[in-house]
>>> print(open('my_file-v2.cif').read())   # mmCIF, C-alpha atoms
data_structure
loop_
_atom_site.label_atom_id
_atom_site.label_comp_id
_atom_site.auth_asym_id
_atom_site.auth_seq_id
_atom_site.Cartn_x
_atom_site.Cartn_y
_atom_site.Cartn_z
CA GLY R 3 14.28 85.52 62.33
CA ALA R 4 13.36 83.03 65.06
CA ARG R 5 14.63 79.78 66.54
CA ILE R 6 12.10 77.82 68.54
CA PHE R 7 12.99 74.78 70.64
CA SER R 8 10.83 72.41 72.65
CA ASN R 9 11.83 69.58 74.97
CA GLN R 10 8.60 67.77 74.13
CA TYR R 11 5.28 68.17 72.35
CA ARG R 12 4.90 71.36 70.28
CA GLY R 13 7.83 73.54 69.29
CA MET R 14 5.45 76.19 67.95
CA TYR R 15 1.66 76.50 68.05
CA VAL R 16 -0.30 79.04 66.02
CA GLN R 17 -4.06 79.47 66.29
CA GLY R 18 -5.73 81.97 63.98
CA ASN R 19 -8.80 83.89 65.10
CA GLY R 20 -10.94 84.77 62.11
CA SER R 21 -7.99 85.31 59.77
CA SER R 22 -7.35 83.54 56.50
CA TYR R 23 -3.91 82.28 57.54
CA ASP R 24 -2.88 80.79 60.86
CA ALA R 25 0.68 81.63 59.84
CA TYR R 26 2.25 83.16 56.74
CA PHE R 27 5.82 82.46 55.57
CA GLY R 28 6.86 84.89 52.85
CA GLY R 29 10.54 84.06 52.31
CA ILE R 30 11.90 82.69 49.04
CA GLY R 31 13.20 79.55 50.78
CA GLY R 32 9.75 78.24 51.75
CA ILE R 33 9.37 75.87 54.68
CA ASN R 34 11.71 72.99 55.49
CA THR R 35 10.73 70.23 57.89
CA ASN R 36 12.20 66.98 59.13
CA GLY R 37 8.89 65.64 60.43
CA ILE R 38 5.28 65.07 59.45
CA VAL R 39 3.74 68.17 57.92
CA ASP R 40 0.04 67.28 57.80
CA ARG R 41 -1.84 64.36 59.29
CA SER R 42 -4.07 64.28 56.19
CA ALA R 43 -1.01 62.94 54.34
CA SER R 44 -1.79 64.74 51.11
CA SER R 45 -0.16 67.33 48.89
CA ARG R 46 -2.36 70.29 48.04
CA SER R 47 -2.13 73.13 45.52
CA LEU R 48 -4.05 76.37 45.00
CA VAL R 49 -5.31 76.53 41.39
CA VAL R 50 -7.77 78.45 39.20
CA ASN R 51 -10.77 76.93 37.37
CA LEU R 52 -10.43 77.92 33.71
CA GLY R 53 -12.93 75.32 32.54
CA GLN R 54 -16.47 75.93 31.31
CA THR R 55 -18.20 74.24 34.26
CA ALA R 56 -18.18 74.51 38.03
CA ILE R 57 -15.91 72.15 39.97
CA GLN R 58 -17.40 70.56 43.08
CA PRO R 59 -15.29 69.28 45.99
CA GLY R 60 -14.48 65.67 45.13
CA ASP R 61 -14.38 66.20 41.35
CA LEU R 62 -11.33 65.07 39.40
CA VAL R 63 -9.52 67.94 37.67
CA ALA R 64 -7.16 68.16 34.70
CA MET R 65 -4.47 70.70 33.83
CA VAL R 66 -5.43 73.18 31.10
CA GLY R 67 -2.43 75.54 31.35
CA VAL R 68 -1.13 78.26 33.63
CA ALA R 69 -2.61 81.61 34.63
CA PRO R 70 -1.37 84.72 36.41
CA SER R 71 -1.74 84.70 40.17
CA PRO R 72 -3.92 87.45 41.70
CA GLU R 73 -0.96 88.15 43.98
CA GLY R 74 1.09 89.07 40.90
CA ILE R 75 4.11 87.05 42.00
CA GLU R 76 4.18 83.83 40.00
CA SER R 77 1.93 81.84 37.71
CA MET R 78 -0.52 79.29 39.05
CA LEU R 79 -1.88 76.07 37.58
CA ALA R 80 -5.16 76.30 35.67
CA VAL R 81 -7.53 73.33 35.76
CA ALA R 82 -10.90 72.13 34.47
CA LYS R 83 -13.21 69.31 35.49
CA VAL R 84 -12.05 66.00 33.98
CA ASP R 85 -13.92 64.77 30.91
CA ALA R 86 -13.19 62.54 27.92
CA GLU R 87 -11.23 65.31 26.16
CA ASN R 88 -8.79 66.23 28.94
CA ARG R 89 -8.51 62.95 30.90
CA ASN R 90 -4.84 62.41 30.01
CA ALA R 91 -4.00 65.67 31.83
CA VAL R 92 -5.66 64.63 35.12
CA ILE R 93 -3.73 66.16 38.03
CA GLY R 94 -5.83 65.74 41.19
CA VAL R 95 -9.08 65.96 43.14
CA ALA R 96 -10.85 69.17 44.16
CA ALA R 97 -10.67 69.59 47.95
CA GLU R 98 -12.41 72.93 48.55
CA SER R 99 -13.32 76.20 46.90
CA MET R 100 -11.47 79.37 47.79
CA SER R 101 -12.53 83.00 47.70
CA VAL R 102 -10.08 85.83 47.07
CA ALA R 103 -10.19 89.29 48.62
CA THR R 104 -7.92 92.29 48.86
CA ARG R 105 -7.25 93.41 52.42
CA ILE R 106 -5.79 96.73 53.53
CA LEU R 107 -3.10 96.30 56.19
CA GLU R 108 -2.26 98.70 59.04
CA ASP R 109 0.48 100.31 56.95
CA GLU R 110 -2.15 100.85 54.19
CA SER R 111 -0.52 98.35 51.86
CA GLU R 112 -2.69 95.76 50.11
CA GLN R 113 -2.59 92.00 50.64
CA ILE R 114 -4.38 89.32 48.63
CA ASP R 115 -6.09 86.79 50.90
CA PHE R 116 -7.52 83.39 50.01
CA THR R 117 -10.13 81.95 52.35
CA PRO R 118 -12.06 78.65 52.20
CA ALA R 119 -15.50 78.94 50.62
CA ILE R 120 -18.57 76.71 50.67
CA GLY R 121 -19.73 74.97 47.50
CA ALA R 122 -18.39 74.76 43.97
CA SER R 123 -15.63 76.70 42.29
CA GLU R 124 -17.27 78.49 39.37
CA PRO R 125 -15.35 79.21 36.14
CA ASN R 126 -12.53 81.69 36.89
CA GLY R 127 -12.83 80.82 40.59
CA TYR R 128 -10.11 79.41 42.83
CA LEU R 129 -9.85 76.06 44.57
CA VAL R 130 -7.45 73.78 46.41
CA ILE R 131 -6.74 70.39 44.86
CA ILE R 132 -5.19 67.21 46.27
CA THR R 133 -2.41 66.10 43.95
CA ASP R 134 -1.05 63.22 46.01
CA GLY R 135 -2.22 61.32 49.07
CA LEU R 136 -5.60 60.78 50.73
CA ALA R 137 -8.68 62.29 49.10
CA PRO R 138 -11.44 61.34 51.57
CA ALA R 139 -14.39 61.78 49.17
CA VAL R 140 -14.01 61.48 45.39
CA ASN R 141 -17.21 61.92 43.37
CA LEU R 142 -18.40 59.01 41.26
CA ASN R 143 -20.47 59.55 38.12
CA SER R 144 -22.42 56.39 38.91
CA LEU R 145 -22.59 54.23 42.01
CA ALA R 146 -22.73 51.19 39.72
CA VAL R 147 -19.11 51.99 38.86
CA ALA R 148 -18.01 51.13 42.42
CA THR R 149 -19.74 47.75 42.59
CA GLY R 150 -17.26 45.16 43.82
CA TRP R 151 -14.48 47.66 44.61
CA GLN R 152 -12.22 46.60 47.47
CA ILE R 153 -9.70 48.56 49.53
CA GLY R 154 -6.42 48.53 47.61
CA ASP R 155 -7.99 48.19 44.14
CA LYS R 156 -6.30 50.35 41.50
CA VAL R 157 -8.51 52.98 39.88
CA ALA R 158 -8.03 54.55 36.44
CA LEU R 159 -9.91 56.84 34.05
CA SER R 160 -11.91 55.24 31.26
CA THR R 161 -12.02 56.73 27.75
CA SER R 162 -15.18 58.63 28.78
CA GLY R 163 -13.33 60.25 31.70
CA GLU R 164 -15.08 58.23 34.41
CA LEU R 165 -13.42 56.35 37.27
CA ALA R 166 -13.16 52.60 36.77
CA ARG R 167 -11.44 49.76 38.58
CA SER R 168 -8.20 49.08 36.72
CA THR R 169 -8.14 45.52 35.45
CA GLY R 170 -5.33 46.04 32.95
CA GLU R 171 -7.83 46.62 30.12
CA ILE R 172 -8.40 50.33 30.77
CA ASP R 173 -6.33 52.51 28.47
CA GLY R 174 -6.33 55.54 30.72
CA PRO R 175 -4.28 57.25 33.40
CA ALA R 176 -4.07 55.51 36.77
CA ILE R 177 -5.55 57.69 39.53
CA GLY R 178 -4.64 55.75 42.67
CA LYS R 179 -6.08 53.11 44.99
CA VAL R 180 -9.36 52.67 46.81
CA ALA R 181 -8.80 53.65 50.45
CA GLY R 182 -12.17 52.76 51.97
CA SER R 183 -15.81 51.85 51.37
CA PHE R 184 -17.87 53.91 48.98
CA ASP R 185 -20.63 56.07 50.44
CA GLU R 186 -23.86 55.34 48.58
CA ALA R 187 -25.68 58.36 50.05
CA ALA R 188 -22.97 60.85 49.03
CA GLY R 189 -21.89 59.02 45.87
CA THR R 190 -18.22 59.17 46.87
CA VAL R 191 -15.29 56.88 47.56
CA PRO R 192 -12.05 57.62 49.47
CA LEU R 193 -8.98 57.28 47.25
CA PHE R 194 -5.27 57.44 47.86
CA VAL R 195 -4.33 59.64 44.92
CA ASP R 196 -1.21 58.50 43.05
CA ILE R 197 -1.56 59.67 39.46
CA ASP R 198 0.62 58.13 36.73
#
>>> encode(input="my_file-v2.cif", output="structure tokens")
Amino acid sequence: GARIFSNQYRGMYVQGNGSSYDAYFGGIGGINTNGIVDRSASSRSLVVNLGQTAIQPGDLVAMVGVAPSPEGIESMLAVAKVDAENRNAVIGVAAESMSVATRILEDESEQIDFTPAIGASEPNGYLVIITDGLAPAVNLNSLAVATGWQIGDKVALSTSGELARSTGEIDGPAIGKVAGSFDEAAGTVPLFVDID
């Protein structure tokens, strides 16, 4: 379809103007790259909240199955907020809520669009999760939990589904490593997500 070459700097630059996608690649082969894809250095997935409670950005989420995609093409992962019951299925950290809308194109065909939304993802709502890499703000149930944490400390889930520094005594899934100082005002800590 297109071959784009650059002697230096950007080979291709796309800037959206009020649209939900800066660029859309609809082929079955996906996107292949030999360079850095995203400076945030994280893997992200669009999922649906099939839990009973709202999921805030920064909440840990667990897999609860699969659900049909609103686009009708393939199934998508269903998640719920992590708790004591589903902690072994932890899969990532909520990054942002998404809204879904049907748009009518110029040729009068319909297209499903996902756009970032402010706030929590309510039950049956959509969200983007970080499954691997830097999560800049992970919610803590209690600031006391983060007392004494240092950059590089391993973090796991306790039996109650709360984050705890892994000392080898925690019988729960490893979540990753502390990536920075915890923010007392926000009640968050940056983590490099690397779930066992």
>>> resolve_selection(input="my_file-v2.cif", expression="the PyMOL selection byres ((chain R and resi 146-158) around 10)", output="PyMOL selection string")
chain R and resi 142-145+159-161+163-170+172-186+189-198
>>> resolve_selection(input="my_file-v2.cif", expression="the PyMOL selection byres ((chain R and resi 108-123) around 8)", output="ChimeraX atom specification")
/R:22,51,56-59,72-73,98-107,124-129
>>> resolve_selection(input="my_file-v2.cif", expression="the PyMOL selection byres ((chain R and resi 61-66) around 8)", output="list in words")
Leu52, Gly53, Ile57, Gln58, Pro59, Gly60, Gly67, Val68, Leu79, Ala80, Val81, Ala82, Lys83, Val84, Asn88, Arg89, Asn90, Ala91, Val92, Ile93, Gly94, Val95, Ala96, Val140 and Asn141 of chain R
>>> axis_aligned_box(input="my_file-v2.cif", around="segment 112-126 of chain R", padding_each_side="8 Å", output="JSON")
{"center_x": -11.2, "center_y": 85.3, "center_z": 44.2, "size_x": 33.1, "size_y": 37.0, "size_z": 32.2}
>>> atom_distance(input="my_file-v2.cif", atom1="atom CA of Gln54 of chain R", atom2="atom CA of Tyr23 of chain R")
29.8 Å
>>> atom_distance(input="my_file-v2.cif", atom1="atom CA of Ile131 of chain R", atom2="atom CA of Ser71 of chain R")
15.9 Å
>>> atom_distance(input="my_file-v2.cif", atom1="atom CA of Asp85 of chain R", atom2="atom CA of Ser162 of chain R")
6.6 Å
>>> residues_around(input="my_file-v2.cif", residues="Met14 of chain R", least_positions_apart="6", cutoff="12 Å", atoms="all atoms listed in the file", output="CSV table (one decimal) with C-alpha atoms, in the coordinates of the input")
chain,number,residue,atom,x,y,z
R,4,ALA,CA,13.4,83.0,65.1
R,5,ARG,CA,14.6,79.8,66.5
R,6,ILE,CA,12.1,77.8,68.5
R,7,PHE,CA,13.0,74.8,70.6
R,8,SER,CA,10.8,72.4,72.6
R,24,ASP,CA,-2.9,80.8,60.9
R,25,ALA,CA,0.7,81.6,59.8
